[in-house]
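Q: Sharing upload-v2.tsv, TSV, C-alpha atoms and all ligand atoms:
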```
chain	number	residue	atom	x	y	z
W	1	MET	CA	29.58	15.56	-20.25
W	2	GLY	CA	32.71	14.46	-18.44
W	3	ARG	CA	34.58	13.39	-21.53
W	4	ARG	CA	36.57	16.14	-23.04
W	5	CYS	CA	39.07	15.86	-25.79
W	6	PRO	CA	41.24	18.23	-27.79
W	7	ARG	CA	38.94	17.93	-30.77
W	8	ARG	CA	36.12	19.40	-28.79
W	9	ARG	CA	38.30	22.27	-27.70
W	10	ILE	CA	39.15	23.02	-31.27
W	11	LEU	CA	35.51	22.89	-32.18
W	12	ALA	CA	34.73	25.24	-29.36
W	13	ALA	CA	37.36	27.66	-30.56
W	14	ALA	CA	36.01	27.49	-34.05
W	15	CYS	CA	32.54	28.19	-32.77
W	16	LEU	CA	33.68	31.24	-30.90
W	17	GLY	CA	34.79	32.70	-34.16
W	18	ALA	CA	31.67	31.77	-36.03
W	19	VAL	CA	29.38	34.64	-36.69
W	20	LEU	CA	26.30	32.54	-36.79
W	21	LEU	CA	26.00	30.94	-33.56
W	22	LEU	CA	24.85	28.06	-31.80
W	23	LEU	CA	25.81	24.98	-33.58
W	24	CYS	CA	28.59	25.09	-31.14
W	25	VAL	CA	26.65	24.36	-28.09
W	26	ALA	CA	27.61	20.76	-27.73
W	27	PRO	CA	31.31	21.29	-27.17
W	28	ARG	CA	31.27	23.37	-24.09
W	29	ALA	CA	34.35	23.80	-22.00
W	30	LEU	CA	33.71	23.16	-18.35
W	31	ARG	CA	36.55	25.19	-17.01
W	32	PRO	CA	36.38	28.58	-18.60
W	33	ALA	CA	39.76	30.09	-19.17
W	34	PHE	CA	38.78	33.70	-19.45
W	35	GLU	CA	39.47	35.63	-16.28
W	36	SER	CA	39.11	39.09	-17.63
W	37	ARG	CA	35.50	39.10	-18.57
W	38	PRO	CA	33.46	42.08	-17.59
W	39	LEU	CA	30.80	39.96	-15.99
W	40	GLY	CA	32.45	40.07	-12.70
W	41	SER	CA	30.95	38.32	-9.76
W	42	GLY	CA	31.45	35.28	-7.55
W	43	TRP	CA	32.59	32.23	-9.39
W	44	LEU	CA	34.12	34.15	-12.27
W	45	SER	CA	36.85	35.45	-10.03
W	46	GLY	CA	37.52	31.88	-8.96
W	47	ARG	CA	36.16	32.17	-5.46
W	48	ARG	CA	33.31	29.78	-6.05
W	49	ARG	CA	32.67	26.98	-8.48
W	50	SER	CA	30.10	27.74	-11.12
W	51	PRO	CA	26.89	25.70	-11.28
W	52	LEU	CA	28.19	24.03	-14.42
W	53	GLN	CA	31.43	23.11	-12.65
W	54	MET	CA	29.38	21.82	-9.71
W	55	LEU	CA	27.48	19.54	-12.06
W	56	HIS	CA	30.73	18.38	-13.60
W	57	ASP	CA	32.07	17.57	-10.11
W	58	LEU	CA	28.93	15.59	-9.34
W	59	ASP	CA	29.32	13.61	-12.53
W	60	GLN	CA	32.96	12.78	-11.70
W	61	GLY	CA	32.37	11.49	-8.20
W	62	PRO	CA	30.05	8.78	-6.93
W	63	ARG	CA	26.68	9.92	-8.13
W	64	SER	CA	23.67	10.34	-5.95
W	65	PRO	CA	20.49	8.71	-7.30
W	66	LEU	CA	19.20	12.16	-8.21
W	67	ALA	CA	22.37	13.14	-10.12
W	68	GLU	CA	22.26	9.77	-11.87
W	69	ALA	CA	18.62	10.28	-12.89
W	70	HIS	CA	19.54	13.66	-14.36
W	71	ARG	CA	22.46	12.22	-16.25
W	72	GLN	CA	20.17	9.59	-17.75
W	73	ARG	CA	17.65	12.21	-18.77
W	74	ARG	CA	20.34	14.22	-20.50
W	75	ASP	CA	21.55	11.12	-22.33
W	76	LEU	CA	18.05	10.20	-23.35
W	77	LEU	CA	17.48	13.68	-24.74
W	78	ARG	CA	20.71	13.52	-26.70
W	79	ARG	CA	19.87	10.10	-28.13
W	80	ALA	CA	16.31	11.13	-28.98
W	81	CYS	CA	17.67	14.23	-30.72
W	82	SER	CA	20.05	12.25	-32.87
W	83	ARG	CA	17.30	9.81	-33.74
W	84	HIS	CA	14.39	12.14	-34.37
W	85	ALA	CA	15.53	15.70	-34.93
W	86	ARG	CA	15.71	16.31	-38.61
W	87	ARG	CA	18.09	18.78	-40.12
W	88	GLN	CA	17.15	22.12	-38.78
W	89	ARG	CA	17.77	25.64	-39.82
W	90	LEU	CA	20.37	27.74	-38.06
W	91	LEU	CA	19.18	29.45	-34.94
W	92	ARG	CA	19.06	33.20	-34.85
W	93	PRO	CA	19.41	35.28	-31.70
W	94	GLU	CA	15.67	35.95	-31.63
W	95	ASP	CA	15.07	32.20	-31.38
W	96	LEU	CA	16.62	32.47	-27.92
W	97	ARG	CA	13.98	34.80	-26.51
W	98	HIS	CA	12.89	32.20	-23.99
W	99	VAL	CA	16.34	31.61	-22.59
W	100	LEU	CA	16.75	33.86	-19.58
W	101	VAL	CA	20.17	34.81	-18.30
W	102	ASP	CA	21.55	35.14	-14.80
W	103	ASP	CA	25.08	36.48	-15.21
W	104	ALA	CA	25.66	36.64	-11.48
W	105	HIS	CA	25.40	32.87	-11.08
W	106	GLY	CA	26.09	31.64	-14.58
W	107	LEU	CA	22.63	30.29	-15.33
W	108	LEU	CA	20.50	29.97	-18.43
W	109	TYR	CA	16.88	29.03	-17.90
W	110	CYS	CA	14.56	28.38	-20.82
W	111	TYR	CA	11.03	29.08	-19.69
W	112	VAL	CA	8.10	27.04	-20.88
W	113	PRO	CA	4.76	28.55	-19.89
W	114	LYS	CA	2.49	26.27	-17.83
W	115	VAL	CA	5.51	24.57	-16.30
W	116	ALA	CA	6.04	26.60	-13.13
W	117	CYS	CA	7.69	29.36	-15.09
W	118	THR	CA	6.27	32.14	-12.93
W	119	ASN	CA	7.95	30.60	-9.92
W	120	TRP	CA	11.22	30.11	-11.76
W	121	LYS	CA	11.18	33.72	-12.86
W	122	ARG	CA	10.56	34.73	-9.24
W	123	VAL	CA	13.52	32.63	-8.13
W	124	LEU	CA	15.77	34.12	-10.81
W	125	LEU	CA	14.72	37.64	-9.83
W	126	ALA	CA	15.57	36.86	-6.22
W	127	LEU	CA	18.88	35.19	-7.18
W	128	SER	CA	20.00	38.00	-9.41
W	129	GLY	CA	19.22	40.60	-6.77
W	130	ARG	CA	16.59	42.28	-8.93
W	131	ALA	CA	14.04	41.60	-6.25
W	132	HIS	CA	14.58	41.21	-2.54
W	133	GLY	CA	13.25	38.82	0.01
W	134	ASP	CA	11.16	35.74	-0.38
W	135	PRO	CA	10.51	34.83	-4.04
W	136	ARG	CA	6.94	33.92	-3.10
W	137	ALA	CA	6.28	37.55	-2.30
W	138	ILE	CA	7.09	38.75	-5.83
W	139	PRO	CA	3.82	39.45	-7.66
W	140	ALA	CA	3.27	37.34	-10.79
W	141	HIS	CA	2.90	40.39	-13.05
W	142	GLU	CA	6.27	41.60	-11.86
W	143	ALA	CA	7.90	38.24	-12.56
W	144	HIS	CA	6.49	38.32	-16.09
W	145	ALA	CA	7.17	42.00	-16.82
W	146	PRO	CA	9.14	42.18	-20.07
W	147	GLY	CA	12.77	43.08	-19.54
W	148	ARG	CA	12.88	42.23	-15.85
W	149	LEU	CA	15.20	39.35	-16.67
W	150	PRO	CA	17.61	39.58	-19.59
W	151	SER	CA	17.16	37.03	-22.34
W	152	LEU	CA	19.91	35.49	-24.47
W	153	ALA	CA	18.26	37.15	-27.46
W	154	ASP	CA	19.38	40.52	-26.04
W	155	PHE	CA	23.06	39.68	-26.58
W	156	GLY	CA	25.33	39.59	-29.60
W	157	PRO	CA	26.60	36.33	-31.10
W	158	ALA	CA	29.93	36.29	-29.26
W	159	GLU	CA	28.30	37.02	-25.92
W	160	ILE	CA	25.69	34.37	-26.58
W	161	ASN	CA	28.29	31.74	-27.39
W	162	GLN	CA	30.31	32.60	-24.33
W	163	ARG	CA	27.28	32.10	-22.09
W	164	LEU	CA	26.23	28.92	-23.83
W	165	ARG	CA	29.64	27.43	-23.22
W	166	THR	CA	30.10	28.29	-19.61
W	167	TYR	CA	26.71	28.62	-17.95
W	168	LEU	CA	24.51	25.88	-16.59
W	169	ALA	CA	21.52	25.66	-18.92
W	170	PHE	CA	18.29	24.15	-17.68
W	171	LEU	CA	14.66	23.91	-18.62
W	172	PHE	CA	11.53	22.43	-17.11
W	173	VAL	CA	9.09	20.37	-19.14
W	174	ARG	CA	5.75	18.72	-18.51
W	175	GLU	CA	3.62	15.97	-20.00
W	176	PRO	CA	2.59	17.70	-23.24
W	177	PHE	CA	-1.16	17.07	-23.07
W	178	GLU	CA	-1.39	17.99	-19.42
W	179	ARG	CA	0.36	21.19	-20.26
W	180	LEU	CA	-2.05	21.77	-23.14
W	181	ALA	CA	-5.05	21.05	-20.92
W	182	SER	CA	-3.66	23.47	-18.37
W	183	ALA	CA	-3.27	26.17	-21.03
W	184	TYR	CA	-6.83	25.59	-22.22
W	185	ARG	CA	-8.22	25.73	-18.71
W	186	ASN	CA	-6.23	28.79	-17.79
W	187	LYS	CA	-6.83	30.81	-20.94
W	188	PHE	CA	-10.23	29.70	-22.21
W	189	ALA	CA	-12.24	27.69	-19.69
W	190	ARG	CA	-11.83	30.10	-16.80
W	191	PRO	CA	-13.54	33.44	-16.91
W	192	TYR	CA	-10.65	35.68	-15.86
W	193	SER	CA	-8.48	35.56	-18.96
W	194	GLU	CA	-10.44	38.17	-20.86
W	195	ALA	CA	-7.59	39.55	-22.91
W	196	PHE	CA	-6.73	36.07	-24.11
W	197	GLN	CA	-10.31	35.25	-24.95
W	198	ARG	CA	-10.69	38.45	-26.88
W	199	ARG	CA	-7.49	37.92	-28.80
W	200	TYR	CA	-7.57	34.17	-29.49
W	201	GLY	CA	-11.08	33.11	-28.47
W	202	THR	CA	-12.84	35.45	-30.91
W	203	ARG	CA	-10.49	34.32	-33.67
W	204	ILE	CA	-11.19	30.64	-32.97
W	205	ILE	CA	-14.95	31.08	-32.86
W	206	ARG	CA	-15.04	33.23	-35.98
W	207	ARG	CA	-13.06	30.67	-37.90
W	208	LEU	CA	-14.40	27.41	-36.54
W	209	ARG	CA	-17.94	27.85	-35.27
W	210	PRO	CA	-20.49	28.28	-38.04
W	211	GLY	CA	-23.52	30.29	-36.96
W	212	ALA	CA	-21.89	31.55	-33.74
W	213	GLN	CA	-23.87	33.85	-31.48
W	214	PRO	CA	-22.93	37.54	-31.57
W	215	GLU	CA	-21.90	37.47	-27.92
W	216	ALA	CA	-19.52	34.56	-28.49
W	217	LEU	CA	-18.09	36.32	-31.55
W	218	ALA	CA	-17.52	39.50	-29.57
W	219	ARG	CA	-16.15	37.99	-26.37
W	220	GLY	CA	-14.56	34.69	-27.36
W	221	HIS	CA	-15.39	33.49	-23.89
W	222	ASP	CA	-16.75	29.99	-24.46
W	223	VAL	CA	-14.24	28.20	-26.70
W	224	ARG	CA	-14.70	24.43	-26.44
W	225	PHE	CA	-11.69	22.14	-26.15
W	226	ALA	CA	-12.51	20.53	-29.52
W	227	GLU	CA	-12.53	24.00	-31.12
W	228	PHE	CA	-9.23	24.85	-29.51
W	229	LEU	CA	-7.70	21.65	-30.90
W	230	ALA	CA	-9.16	22.31	-34.35
W	231	TYR	CA	-7.53	25.74	-34.21
W	232	LEU	CA	-4.16	24.18	-33.33
W	233	LEU	CA	-4.43	21.72	-36.21
W	234	ASP	CA	-5.68	24.29	-38.72
W	235	PRO	CA	-2.81	25.00	-41.14
W	236	ARG	CA	-3.86	28.66	-41.27
W	237	THR	CA	-3.00	29.10	-37.62
W	238	ARG	CA	0.75	28.98	-37.96
W	239	ARG	CA	0.93	30.55	-41.38
W	240	GLY	CA	1.27	34.13	-40.21
W	241	GLU	CA	2.83	33.70	-36.78
W	242	PRO	CA	4.04	30.93	-34.49
W	243	PHE	CA	1.80	29.43	-31.84
W	244	ASN	CA	1.28	31.43	-28.74
W	245	GLU	CA	3.89	30.42	-26.18
W	246	HIS	CA	1.30	28.86	-23.87
W	247	TRP	CA	0.63	26.08	-26.35
W	248	GLU	CA	3.79	26.14	-28.44
W	249	ARG	CA	5.74	22.90	-28.16
W	250	ALA	CA	8.52	23.02	-25.57
W	251	HIS	CA	11.08	21.94	-28.17
W	252	ALA	CA	10.09	24.85	-30.39
W	253	LEU	CA	10.55	27.32	-27.53
W	254	CYS	CA	13.80	25.95	-26.14
W	255	HIS	CA	15.51	24.12	-29.05
W	256	PRO	CA	16.83	21.24	-26.93
W	257	CYS	CA	18.42	19.55	-29.93
W	258	ARG	CA	20.40	22.69	-30.76
W	259	LEU	CA	21.31	24.04	-27.36
W	260	ARG	CA	22.81	21.77	-24.79
W	261	TYR	CA	20.74	21.61	-21.64
W	262	ASP	CA	22.58	20.41	-18.57
W	263	VAL	CA	19.50	19.82	-16.48
W	264	VAL	CA	16.12	18.70	-17.78
W	265	GLY	CA	13.69	19.32	-14.97
W	266	LYS	CA	10.19	17.94	-14.94
W	267	PHE	CA	6.98	19.39	-13.62
W	268	GLU	CA	6.10	15.92	-12.34
W	269	THR	CA	9.12	16.00	-10.01
W	270	LEU	CA	9.31	19.75	-9.63
W	271	ALA	CA	10.30	19.93	-5.96
W	272	GLU	CA	13.26	17.54	-6.26
W	273	ASP	CA	14.43	18.91	-9.59
W	274	ALA	CA	14.22	22.53	-8.46
W	275	ALA	CA	16.19	21.64	-5.32
W	276	PHE	CA	18.78	19.92	-7.53
W	277	VAL	CA	19.25	23.08	-9.63
W	278	LEU	CA	19.34	25.36	-6.59
W	279	GLY	CA	21.86	23.00	-5.00
W	280	LEU	CA	24.16	23.43	-8.01
W	281	VAL	CA	23.71	27.19	-7.80
W	282	GLY	CA	24.68	27.08	-4.16
W	283	ALA	CA	21.83	29.17	-2.89
W	284	PRO	CA	21.16	27.86	0.59
W	285	GLY	CA	18.11	29.37	2.10
W	286	LEU	CA	16.44	29.95	-1.23
W	287	HIS	CA	13.48	27.64	-1.58
W	288	PHE	CA	11.45	27.03	-4.64
W	289	PRO	CA	7.93	28.34	-4.07
W	290	ALA	CA	5.13	25.85	-3.47
W	291	PRO	CA	5.37	22.99	-5.96
W	292	PRO	CA	2.01	21.40	-6.77
W	293	ARG	CA	0.68	18.91	-4.21
W	294	PRO	CA	0.12	15.29	-5.24
W	295	ARG	CA	-3.62	15.75	-5.21
W	296	ALA	CA	-3.46	18.76	-7.54
W	297	ALA	CA	-1.15	16.82	-9.86
W	298	ALA	CA	-3.61	13.92	-10.01
W	299	ALA	CA	-6.45	16.36	-10.68
W	300	ALA	CA	-4.51	17.87	-13.60
W	301	ARG	CA	-4.03	14.39	-15.09
W	302	ASP	CA	-7.74	13.61	-14.73
W	303	TYR	CA	-8.65	16.92	-16.30
W	304	ALA	CA	-6.56	16.17	-19.40
W	305	ALA	CA	-8.04	12.67	-19.65
W	306	ARG	CA	-11.57	14.07	-19.38
W	307	LEU	CA	-10.98	16.70	-22.05
W	308	PHE	CA	-9.58	14.16	-24.50
W	309	GLN	CA	-12.42	11.71	-23.93
W	310	ASP	CA	-14.70	13.68	-26.21
W	311	ILE	CA	-12.15	14.05	-29.00
W	312	SER	CA	-12.33	11.66	-31.95
W	313	PRO	CA	-9.46	9.20	-32.48
W	314	PHE	CA	-8.72	11.00	-35.75
W	315	TYR	CA	-8.09	14.31	-33.98
W	316	GLN	CA	-6.33	12.58	-31.10
W	317	ARG	CA	-3.86	11.06	-33.55
W	318	ARG	CA	-3.27	14.33	-35.34
W	319	LEU	CA	-2.77	16.18	-32.10
W	320	PHE	CA	-0.38	13.53	-30.86
W	321	ASP	CA	1.61	13.96	-34.06
W	322	LEU	CA	1.74	17.70	-33.47
W	323	TYR	CA	3.18	17.26	-29.97
W	324	LYS	CA	5.10	14.06	-30.65
W	325	MET	CA	8.58	15.55	-30.43
W	326	ASP	CA	7.92	16.74	-26.88
W	327	PHE	CA	6.79	13.23	-25.95
W	328	LEU	CA	9.88	11.66	-27.51
W	329	LEU	CA	12.56	14.10	-26.43
W	330	PHE	CA	11.45	14.24	-22.82
W	331	ASN	CA	10.53	10.58	-22.40
W	332	TYR	CA	6.80	10.91	-21.88
W	333	SER	CA	4.78	7.86	-22.76
W	334	VAL	CA	1.61	7.95	-24.81
W	335	PRO	CA	-1.26	8.72	-22.42
W	336	ALA	CA	-3.35	5.63	-21.68
W	337	TYR	CA	-6.57	7.48	-22.48
W	338	LEU	CA	-5.65	8.13	-26.12
W	339	ARG	CA	-7.17	5.97	-28.84
W	340	LEU	CA	-4.58	6.19	-31.56
W	341	HIS	CA	-5.64	3.23	-33.64
W	401	LIG	C1	11.83	7.04	-19.32
W	401	LIG	O1	10.52	6.66	-18.97
W	401	LIG	C2	10.41	5.33	-18.50
W	401	LIG	C3	8.92	5.02	-18.33
W	401	LIG	O2	8.28	6.00	-17.61
W	401	LIG	C4	11.22	5.17	-17.24
W	401	LIG	O3	11.12	3.87	-16.74
W	401	LIG	C5	12.68	5.53	-17.52
W	401	LIG	O4	13.41	5.50	-16.33
W	401	LIG	C6	12.76	6.91	-18.13
W	401	LIG	N1	14.11	7.17	-18.54
W	401	LIG	C7	14.80	8.24	-18.15
W	401	LIG	C8	16.17	8.35	-18.68
W	401	LIG	O5	14.34	9.10	-17.43
```
As structure tokens, what does this structure read like?
A:
Amino acid sequence: MGRRCPRRRILAAACLGAVLLLLCVAPRALRPAFESRPLGSGWLSGRRRSPLQMLHDLDQGPRSPLAEAHRQRRDLLRRACSRHARRQRLLRPEDLRHVLVDDAHGLLYCYVPKVACTNWKRVLLALSGRAHGDPRAIPAHEAHAPGRLPSLADFGPAEINQRLRTYLAFLFVREPFERLASAYRNKFARPYSEAFQRRYGTRIIRRLRPGAQPEALARGHDVRFAEFLAYLLDPRTRRGEPFNEHWERAHALCHPCRLRYDVVGKFETLAEDAAFVLGLVGAPGLHFPAPPRPRAAAAARDYAARLFQDISPFYQRRLFDLYKMDFLLFNYSVPAYLRLH
């Protein structure tokens, strides 16, 4: 990140002119030279350093252990991308739906459901002045209301490129199978997600449970984990539409091998990583709402292990293959409970 050379600048300039975006995310200038942008506030007028500049400063000086850990994560992601990401199609603006924009602070946050994204949306609403007071007090439905926070997909190519070059981009990821177990529990195993059960549960039961009871067919309320996995692995599932965002792979939502993320936060170290991001933003007094307690984190791990216990090695292997990129890109090791051989 600290190394800049004229070639990169030229690349950046070329990218700015490109109509189809986004291959230009790697060469990002750290000191934006455009003073006359209409975006206006704070650091753009030179009064404050942007979060991206703050990160750059951290990387120049003696690094704290936390800053060093983040630098290593970024490097690992970059190496894993060059090793494993195959040639990919060009991104279109609508691929950037999950990247939320805070123009006031110069932030891009790619949200991954089941990874504290409600709380991050609350924090962004509070930061951007769209909601006042303690982020914890913002109701979840308000945080998730469409259009409350602008997304990169709402902008044109030039505006997108400009933000990609100069804003601090971050995302938060989680151990892929714990995230999947959490999605299953939240959307299928618990009784309160009726809309989800009606939409996806009925579909899963109709397709995958021969001789299902009429009540199950009508309500979709009792999908078993094995059925949910069979639905994920069924080639018909993704033929018409992508996975629902709650179980879509993080790399498919956030494109970490195409966009350059400056901070890769992890659910497993949510409190420290959130504080690191908020420190770069320079938002003293703003605290990330209640990260999970150690006991809850351990319970989530046990829950995933228990769910996978009843799954055959054949399906475990296929499911691992489906989520493999998230394991590789974000340095998660193969869960000990899997029987892959
Ligand atoms: C990757 O994971 C291993 C094992 O958990 C850990 O020791 C290592 O520090 C991690 N690397 C990075 C860059 O986070």
Q: Please, what distance in Å, to one decimal, runs between atom CA of Gly240 of chain W and atom CA of Ala116 of chain W?
A: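 Computing the Euclidean distance for atom CA of Gly240 of chain W and atom CA of Ala116 of chain W yields 28.5 Å.
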Q: For a test of reading the model, state the distance in Å between atom CA of Glu272 of chain W and atom CA of Asp326 of chain W, rounded to one decimal.
A: 21.3 Å
Q: Around segment 85-104 of chain W, fit a box with edges along x, y and z, padding it by 5 Å on each side, then list its centre and edge lengths in Å to one decimal as JSON.
A:
```
{"center_x": 19.3, "center_y": 26.2, "center_z": -25.8, "size_x": 22.8, "size_y": 30.9, "size_z": 38.6}
```
Q: Using all atoms listed in the file, what are the residues with an atom within 7 Å of ligand LIG 401 (chain W), set out as a list in words?
A: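 Sorted by chain and then by number, the residues are Ala69, Gln72, Arg73, Leu76, Asn331, Tyr332 and Ser333 of chain W.
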Q: For atom CA of Asn186 of chain W and atom CA of Pro113 of chain W, determine how far apart the two atoms are, in Å to one decimal place.
A: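 So the two atoms, atom CA of Asn186 of chain W and atom CA of Pro113 of chain W, lie 11.2 Å apart.
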Q: Select, from W:Ala153, W:Ala104, W:Cys254, W:Val115, the residue with the minimum atom-to-atom distance to Leu127 of chain W, counting only C-alpha atoms.
A: W:Ala104
Q: Counting all atoms listed in the file, give me one row per residue of segment 238-272 of chain W with an atom at most 12 Å from an atom of segment 191-215 of chain W, showing the shortest contact pair and its distance in Å to one decimal, sorted by chain then residue number, as a Markdown table.
A:
```
| residue | atom | partner | partner_atom | distance |
| --- | --- | --- | --- | --- |
| W:Phe243 | CA | W:Tyr200 | CA | 10.8 |
| W:Asn244 | CA | W:Tyr200 | CA | 9.3 |
| W:His246 | CA | W:Phe196 | CA | 10.8 |
| W:Trp247 | CA | W:Tyr200 | CA | 11.9 |
```
Q: Could you check which of W:Leu270, W:Leu338, W:Leu322, W:Leu100 is closest to Pro235 of chain W, using all atoms listed in the file?
A: W:Leu322
Q: Which is closest to Phe188 of chain W among W:Ala274, W:Val264, W:Leu168, W:Ala226, if we use only C-alpha atoms?
A: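 Going through W:Ala274, W:Val264, W:Leu168, W:Ala226 one by one, the smallest distance to Phe188 of chain W is for W:Ala226.
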Q: Considering all atoms listed in the file, can you say which of W:Leu278, W:Asp262, W:Arg301, W:Arg295 comes closest to Arg78 of chain W?
A: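 Nearest candidate to Arg78 of chain W out of W:Leu278, W:Asp262, W:Arg301, W:Arg295: W:Asp262.
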Q: Can you work out which one of W:Val263, W:Val101, W:Leu229, W:Leu149 has the shortest atom-to-atom distance to His70 of chain W, counting only C-alpha atoms?
A: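 Comparing W:Val263, W:Val101, W:Leu229, W:Leu149 against His70 of chain W, the winner is W:Val263.
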Q: From the list W:Leu319, W:Ala67, W:Leu280, W:Ala143, which residue is nearest Arg48 of chain W when using only C-alpha atoms?
A: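 Answer, going by the shortest atom-to-atom distance: W:Leu280.
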Q: For segment 306-309 of chain W, list every protein, DNA or RNA residue within 12 Å, evaluated using all atoms listed in the file, and leave out those in the same chain fewer than 4 positions away; present the list as a PyMOL selection string.
A: chain W and resi 177-178+180-182+184-185+189+224-229+299-302+313-317+319-320+335-340
